[in-house]
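Enquirer: See work_4.csv below, with CSV, C-alpha atoms.
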chain,number,residue,atom,x,y,z
L,645,LEU,CA,99.8,144.3,50.6
L,646,LEU,CA,97.5,142.0,48.8
L,647,GLY,CA,98.9,138.5,48.1
L,648,GLN,CA,102.3,139.1,49.7
L,649,SER,CA,103.8,137.2,52.6
L,650,HIS,CA,104.4,139.0,55.9
L,651,ARG,CA,108.2,138.7,55.3
L,652,HIS,CA,107.9,140.1,51.8
L,653,ALA,CA,105.8,143.0,53.0
L,654,ALA,CA,108.2,143.8,55.9
L,655,ARG,CA,111.1,143.8,53.4
L,656,LEU,CA,109.3,146.3,51.2
L,657,ALA,CA,108.4,148.5,54.2
L,658,ALA,CA,112.1,148.6,55.2
L,659,HIS,CA,113.1,149.7,51.7
L,660,LEU,CA,110.6,152.5,51.8
L,661,VAL,CA,111.9,153.8,55.1
L,662,VAL,CA,115.4,153.9,53.7
L,663,ALA,CA,114.3,155.7,50.5
L,664,ARG,CA,112.4,158.3,52.5
L,665,SER,CA,115.2,158.8,55.0
L,666,ARG,CA,117.5,159.8,52.2
L,667,GLN,CA,115.0,162.5,51.2
L,668,CYS,CA,116.0,162.1,47.6
L,669,ASP,CA,113.9,162.8,44.6
L,670,PHE,CA,114.0,161.8,40.9
L,671,LEU,CA,116.4,164.6,40.1
L,672,THR,CA,119.0,163.9,42.8
L,673,CYS,CA,119.0,160.2,43.3
L,674,LEU,CA,117.4,157.4,41.3
L,675,GLN,CA,119.2,154.7,43.3
L,676,CYS,CA,116.6,154.6,46.0
L,677,GLY,CA,113.9,153.8,43.6
L,678,ARG,CA,116.0,151.1,41.9
L,679,GLU,CA,116.8,149.5,45.2
L,680,LEU,CA,113.2,149.7,46.3
L,681,VAL,CA,111.8,147.7,43.3
L,682,ALA,CA,114.8,145.5,42.7
L,683,GLU,CA,114.3,143.6,46.0
L,684,PHE,CA,111.1,141.9,44.8
L,685,GLY,CA,110.0,140.7,41.4
L,686,ASP,CA,106.8,141.1,39.3
L,687,ALA,CA,103.4,140.6,40.9
L,688,ASP,CA,103.2,136.9,40.4
L,689,GLU,CA,101.1,136.4,43.6
L,690,VAL,CA,98.5,139.1,42.9
L,691,GLY,CA,95.7,139.4,40.4
L,692,ARG,CA,95.5,141.4,37.3
L,693,ARG,CA,96.3,145.0,38.1
L,694,ILE,CA,96.6,148.1,35.9
L,695,ASP,CA,97.6,151.5,37.1
L,696,VAL,CA,97.1,154.6,34.9
L,697,ALA,CA,99.1,157.7,35.7
L,698,THR,CA,97.4,160.7,34.1
L,699,LEU,CA,96.6,164.4,34.4
L,700,PHE,CA,92.9,163.6,33.7
L,701,PRO,CA,91.8,160.6,35.8
L,702,GLU,CA,88.1,161.6,35.5
L,703,MET,CA,88.5,161.2,31.7
L,704,CYS,CA,89.8,157.6,32.2
L,705,GLU,CA,87.3,156.7,34.8
L,706,ALA,CA,84.4,157.7,32.5
L,707,VAL,CA,85.5,155.0,30.2
L,708,LEU,CA,86.6,152.4,32.7
L,709,GLN,CA,83.4,152.4,34.8
L,710,THR,CA,81.2,151.3,31.9
L,711,SER,CA,80.5,148.3,29.6
L,712,ILE,CA,82.5,145.1,29.8
L,713,ILE,CA,85.5,146.6,31.6
L,714,GLY,CA,83.3,148.3,34.2
L,715,ARG,CA,81.6,145.0,34.9
L,716,ALA,CA,85.0,143.2,35.1
L,717,ARG,CA,86.1,145.7,37.7
L,718,LYS,CA,83.0,145.3,39.8
L,719,ALA,CA,83.5,141.5,39.7
L,720,GLU,CA,87.1,142.0,40.7
L,721,LEU,CA,88.4,140.2,37.7
L,722,VAL,CA,90.7,143.1,37.0
L,723,GLU,CA,91.9,145.8,39.3
L,724,ILE,CA,92.3,149.2,37.7
L,725,HIS,CA,93.5,152.4,39.4
L,726,CYS,CA,93.7,155.9,37.9
L,727,HIS,CA,96.2,158.3,39.5
L,728,ASN,CA,96.3,162.0,39.2
L,729,ILE,CA,99.9,163.0,38.6
L,730,ARG,CA,99.2,166.5,39.9
L,731,ASP,CA,98.6,165.0,43.3
L,732,TYR,CA,102.4,164.1,43.4
L,733,SER,CA,103.6,167.6,42.3
L,734,PRO,CA,106.3,169.2,44.6
L,735,ASP,CA,104.3,172.4,44.1
L,736,PRO,CA,101.6,172.2,46.8
L,737,LYS,CA,99.9,175.5,45.7
L,738,HIS,CA,99.6,175.2,41.9
L,739,HIS,CA,100.3,171.5,41.5
L,740,ARG,CA,102.5,172.3,38.5
L,741,VAL,CA,103.8,169.3,36.5
L,742,ASP,CA,105.4,170.9,33.4
L,743,ASP,CA,108.8,172.3,32.9
L,744,SER,CA,111.3,173.1,30.2
L,745,PRO,CA,113.0,170.0,28.6
L,746,TYR,CA,116.1,168.8,30.4
L,747,GLY,CA,119.1,169.9,28.2
L,748,GLY,CA,117.0,172.5,26.4
L,749,GLY,CA,114.6,172.4,23.5
L,750,LYS,CA,111.2,173.9,22.5
L,751,GLY,CA,107.9,173.5,24.4
L,752,MET,CA,107.3,172.0,27.8
L,753,VAL,CA,107.5,168.5,29.1
L,754,MET,CA,106.1,166.7,32.1
L,755,GLN,CA,108.4,166.9,35.1
L,756,PRO,CA,110.1,163.7,36.3
L,757,GLU,CA,109.4,164.2,40.1
L,758,PRO,CA,105.6,163.8,40.1
L,759,ILE,CA,105.8,160.8,37.8
L,760,TYR,CA,108.5,159.2,40.0
L,761,ARG,CA,106.5,159.8,43.2
L,762,CYS,CA,103.4,158.4,41.6
L,763,TYR,CA,105.3,155.3,40.5
L,764,LEU,CA,106.8,154.7,44.0
L,765,ASP,CA,103.3,155.2,45.6
L,766,VAL,CA,102.0,152.4,43.3
L,767,VAL,CA,104.9,150.2,44.2
L,768,GLU,CA,104.3,150.8,47.9
L,769,LYS,CA,100.5,150.2,47.8
L,770,SER,CA,100.6,147.2,45.5
L,771,GLY,CA,103.6,145.5,46.9
L,772,SER,CA,104.8,144.7,43.4
L,773,LYS,CA,107.0,146.0,40.6
L,774,PRO,CA,104.9,147.0,37.6
L,775,TYR,CA,105.8,146.9,34.0
L,776,VAL,CA,105.9,150.5,32.8
L,777,ILE,CA,104.4,151.5,29.5
L,778,TYR,CA,104.6,155.0,28.1
L,779,LEU,CA,101.9,155.7,25.5
L,780,SER,CA,103.8,157.5,22.8
L,781,PRO,CA,103.6,158.0,19.0
L,782,GLN,CA,107.2,156.9,18.9
L,783,GLY,CA,106.4,153.5,20.3
L,784,LYS,CA,105.7,150.2,18.7
L,785,THR,CA,102.1,149.9,17.3
L,786,LEU,CA,99.7,148.1,19.5
L,787,THR,CA,98.5,144.8,17.9
L,788,GLN,CA,96.4,141.9,19.1
L,789,LYS,CA,99.6,139.8,19.4
L,790,LYS,CA,101.2,142.5,21.7
L,791,ALA,CA,98.0,142.7,23.7
L,792,LEU,CA,98.2,138.9,24.3
L,793,GLU,CA,101.8,139.3,25.5
L,794,LEU,CA,100.8,142.1,27.9
L,795,ARG,CA,97.9,140.0,29.2
L,796,GLU,CA,100.5,137.7,30.7
L,797,ILE,CA,102.1,140.5,32.7
L,798,PRO,CA,100.3,140.7,36.1
L,799,HIS,CA,100.9,144.3,36.8
L,800,LEU,CA,101.0,147.2,34.2
L,801,PHE,CA,101.7,150.8,34.9
L,802,LEU,CA,100.5,153.0,32.0
L,803,LEU,CA,102.0,156.5,31.7
L,804,CYS,CA,99.9,159.1,29.8
L,805,GLY,CA,102.0,162.0,28.4
L,806,HIS,CA,101.0,165.6,27.7
L,807,TYR,CA,102.5,168.8,26.4
L,808,GLU,CA,105.6,167.8,24.3
L,809,GLY,CA,105.9,164.5,26.2
L,810,VAL,CA,107.7,163.5,29.4
L,811,ASP,CA,111.2,164.3,30.7
L,812,GLU,CA,113.8,162.1,28.9
L,813,ARG,CA,115.1,160.8,32.3
L,814,VAL,CA,111.7,159.2,33.0
L,815,LEU,CA,112.1,157.2,29.8
L,816,ASP,CA,115.6,156.1,30.7
L,817,ALA,CA,114.9,155.2,34.3
L,818,LEU,CA,111.4,153.9,34.6
L,819,VAL,CA,109.8,153.1,31.2
L,820,ASP,CA,110.1,149.5,30.0
L,821,GLU,CA,108.3,149.9,26.7
L,822,GLN,CA,106.7,152.6,24.6
L,823,ILE,CA,103.5,151.8,22.7
L,824,SER,CA,101.5,153.7,20.1
L,825,ILE,CA,98.0,153.1,18.8
L,826,GLY,CA,98.7,154.6,15.4
L,827,ASP,CA,100.6,157.0,13.2
L,828,TYR,CA,98.8,160.2,14.2
L,829,VAL,CA,99.0,162.8,16.9
L,830,LEU,CA,96.6,163.0,19.9
L,831,THR,CA,96.3,165.6,22.7
L,832,GLY,CA,97.5,163.2,25.3
L,833,GLY,CA,98.0,159.6,26.2
L,834,GLU,CA,94.6,158.9,27.8
L,835,ILE,CA,92.8,157.6,24.7
L,836,PRO,CA,95.7,155.3,23.8
L,837,ALA,CA,95.8,154.1,27.4
L,838,MET,CA,92.1,153.3,27.4
L,839,ALA,CA,92.4,151.4,24.2
L,840,LEU,CA,95.2,149.3,25.7
L,841,VAL,CA,93.4,148.7,28.9
L,842,ASP,CA,90.3,147.6,27.0
L,843,CYS,CA,92.2,145.4,24.6
L,844,VAL,CA,94.2,143.6,27.4
L,845,SER,CA,91.5,143.4,30.1
L,846,ARG,CA,88.9,141.8,27.8
L,847,MET,CA,91.2,138.8,27.4
L,848,VAL,CA,91.6,138.3,31.2
L,849,PRO,CA,89.9,134.9,32.1
L,850,GLY,CA,86.3,135.3,33.1
L,851,VAL,CA,85.8,138.8,31.6
L,852,LEU,CA,84.3,137.4,28.4
L,853,ALA,CA,82.2,134.2,28.1
L,854,ASP,CA,84.7,132.4,25.8
L,855,GLU,CA,88.1,132.9,24.2
L,856,VAL,CA,86.5,132.8,20.8
L,857,CYS,CA,85.3,136.3,21.7
L,858,PHE,CA,88.8,137.6,21.9
L,859,THR,CA,89.0,138.3,18.2
Please express what this file holds, its structure, as structure tokens.

Expert:
Amino acid sequence: LLGQSHRHAARLAAHLVVARSRQCDFLTCLQCGRELVAEFGDADEVGRRIDVATLFPEMCEAVLQTSIIGRARKAELVEIHCHNIRDYSPDPKHHRVDDSPYGGGKGMVMQPEPIYRCYLDVVEKSGSKPYVIYLSPQGKTLTQKKALELREIPHLFLLCGHYEGVDERVLDALVDEQISIGDYVLTGGEIPAMALVDCVSRMVPGVLADEVCFT
């Protein structure tokens, strides 16, 4: 666990053992996850890290491997990981991640379990509690001022929605903030997520030659 003391890492490992021993998932028990991340704070001791939870990681990587952000990753100025939400599906055969909305409604939404498992995996591997952002047209519009605020948060977890969005319980239990990049509709949250990653990462110290380049 990068940047964490042995005592801190041991405490986190103990929480994971308890959570797994309960054999609970997002639908039956959120308390495990809350206890797991409540024991330790934000990633003050680690470098800039951004995790992107998506159904199309190859789409995100195509953007993040190039240009200024790609160079910043190679130089380890910013740590970015793309996670395929389907890898966390409880359906091992079809890797299904969609379901009918909880409480009824039209269309399909992303199931809570795969998102919840992805989030816990990130917590375990990073040793830190990320600030969770859901890219949504219902969110506040991304501005340069907001990007500057997000730059000060050491660890971001960006959730890219699809279909009719994500299960409402994910928004209630995990999401800290919803952000939009404009008043229009896109196929999914990947393009907004990449815009946010670029906007925030380019202002990380060392990525650009001078702060005058930020605007």

Enquirer: Tell me which of L:Lys737, L:Arg795, L:Arg813, L:His806 sits closest to Val844 of chain L, counting only C-alpha atoms.

Expert: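 Once distances to Val844 of chain L are computed over only C-alpha atoms, the minimum belongs to L:Arg795.
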
Enquirer: Please identify all polymer residues within 12 Å of Val707 of chain L, counting all atoms listed in the file, omitting same-chain residues fewer than 5 positions from it, and present them as a list in words.

Expert: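 Answer for this query is Phe700, Pro701, Glu702, Ile712, Ile713, Gly714, Arg715, Arg717, Ile724, Cys726, Glu834, Ile835, Ala837, Met838, Ala839, Val841 and Asp842 of chain L.
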
Enquirer: May I ask for the distance between atom CA of Ser770 of chain L and atom CA of Cys843 of chain L, given in Å to one decimal place?

Expert: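 Interatomic distance, atom CA of Ser770 of chain L to atom CA of Cys843 of chain L: 22.6 Å.
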
Enquirer: So how far away is atom CA of Ile797 of chain L from atom CA of Val753 of chain L, in Å?

Expert: 28.7 Å

Enquirer: May I ask for the distance between atom CA of Tyr760 of chain L and atom CA of Glu808 of chain L, given in Å to one decimal place?

Expert: 18.1 Å

Enquirer: Nearest to Val810 of chain L: which of L:Leu708, L:Val851, L:Met754, L:Leu794 is it, counting all atoms listed in the file?

Expert: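 Counting all atoms listed in the file, the residue closest to Val810 of chain L is L:Met754.
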
Enquirer: Could you add all heavy atoms to segment 839-850 of chain L and give me the result as a CSV table (one decimal), keeping the file's coordinate frame?

Expert:
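Everything below was put into part16.csv:
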chain,number,residue,atom,x,y,z
L,839,ALA,N,92.5,152.4,25.2
L,839,ALA,CA,92.4,151.4,24.2
L,839,ALA,C,93.2,150.2,24.6
L,839,ALA,O,92.8,149.0,24.5
L,839,ALA,CB,93.0,151.9,22.8
L,840,LEU,N,94.4,150.4,25.2
L,840,LEU,CA,95.2,149.3,25.7
L,840,LEU,C,94.6,148.6,26.8
L,840,LEU,O,94.6,147.4,26.9
L,840,LEU,CB,96.6,149.9,26.1
L,840,LEU,CG,97.7,148.8,26.3
L,840,LEU,CD1,99.1,149.5,26.0
L,840,LEU,CD2,97.7,148.3,27.7
L,841,VAL,N,94.0,149.3,27.8
L,841,VAL,CA,93.4,148.7,28.9
L,841,VAL,C,92.2,147.8,28.4
L,841,VAL,O,92.1,146.7,28.9
L,841,VAL,CB,92.8,149.8,29.9
L,841,VAL,CG1,91.9,149.1,30.9
L,841,VAL,CG2,94.0,150.5,30.6
L,842,ASP,N,91.4,148.3,27.5
L,842,ASP,CA,90.3,147.6,27.0
L,842,ASP,C,90.7,146.3,26.3
L,842,ASP,O,90.2,145.2,26.5
L,842,ASP,CB,89.4,148.4,26.1
L,842,ASP,CG,88.2,147.8,25.6
L,842,ASP,OD1,88.2,146.8,24.8
L,842,ASP,OD2,87.1,148.1,26.1
L,843,CYS,N,91.7,146.5,25.4
L,843,CYS,CA,92.2,145.4,24.6
L,843,CYS,C,92.8,144.3,25.5
L,843,CYS,O,92.6,143.1,25.2
L,843,CYS,CB,93.3,145.9,23.6
L,843,CYS,SG,93.8,144.8,22.4
L,844,VAL,N,93.5,144.6,26.5
L,844,VAL,CA,94.2,143.6,27.4
L,844,VAL,C,93.2,143.0,28.4
L,844,VAL,O,93.1,141.8,28.5
L,844,VAL,CB,95.4,144.3,28.1
L,844,VAL,CG1,95.9,143.3,29.2
L,844,VAL,CG2,96.5,144.6,27.2
L,845,SER,N,92.4,143.9,29.0
L,845,SER,CA,91.5,143.4,30.1
L,845,SER,C,90.4,142.5,29.6
L,845,SER,O,90.0,141.5,30.3
L,845,SER,CB,90.8,144.6,30.8
L,845,SER,OG,91.8,145.4,31.4
L,846,ARG,N,89.9,142.7,28.3
L,846,ARG,CA,88.9,141.8,27.8
L,846,ARG,C,89.3,140.4,27.6
L,846,ARG,O,88.5,139.5,27.5
L,846,ARG,CB,88.3,142.4,26.5
L,846,ARG,CG,89.3,142.4,25.4
L,846,ARG,CD,88.8,143.2,24.2
L,846,ARG,NE,87.4,142.8,23.7
L,846,ARG,CZ,87.2,141.8,22.9
L,846,ARG,NH1,88.3,141.2,22.4
L,846,ARG,NH2,86.0,141.5,22.5
L,847,MET,N,90.6,140.2,27.6
L,847,MET,CA,91.2,138.8,27.4
L,847,MET,C,91.6,138.2,28.8
L,847,MET,O,92.1,137.1,28.8
L,847,MET,CB,92.4,138.9,26.5
L,847,MET,CG,92.0,139.2,25.1
L,847,MET,SD,93.4,139.1,23.9
L,847,MET,CE,94.5,140.4,24.5
L,848,VAL,N,91.3,138.9,29.9
L,848,VAL,CA,91.6,138.3,31.2
L,848,VAL,C,90.5,137.2,31.4
L,848,VAL,O,89.3,137.4,31.1
L,848,VAL,CB,91.5,139.3,32.3
L,848,VAL,CG1,91.5,138.7,33.7
L,848,VAL,CG2,92.6,140.3,32.1
L,849,PRO,N,90.9,136.0,31.9
L,849,PRO,CA,89.9,134.9,32.1
L,849,PRO,C,88.7,135.3,32.9
L,849,PRO,O,88.9,136.0,34.0
L,849,PRO,CB,90.8,133.8,32.8
L,849,PRO,CG,92.2,134.1,32.3
L,849,PRO,CD,92.3,135.6,32.2
L,850,GLY,N,87.5,135.0,32.4
L,850,GLY,CA,86.3,135.3,33.1
L,850,GLY,C,85.6,136.6,32.7
L,850,GLY,O,84.5,136.8,32.9
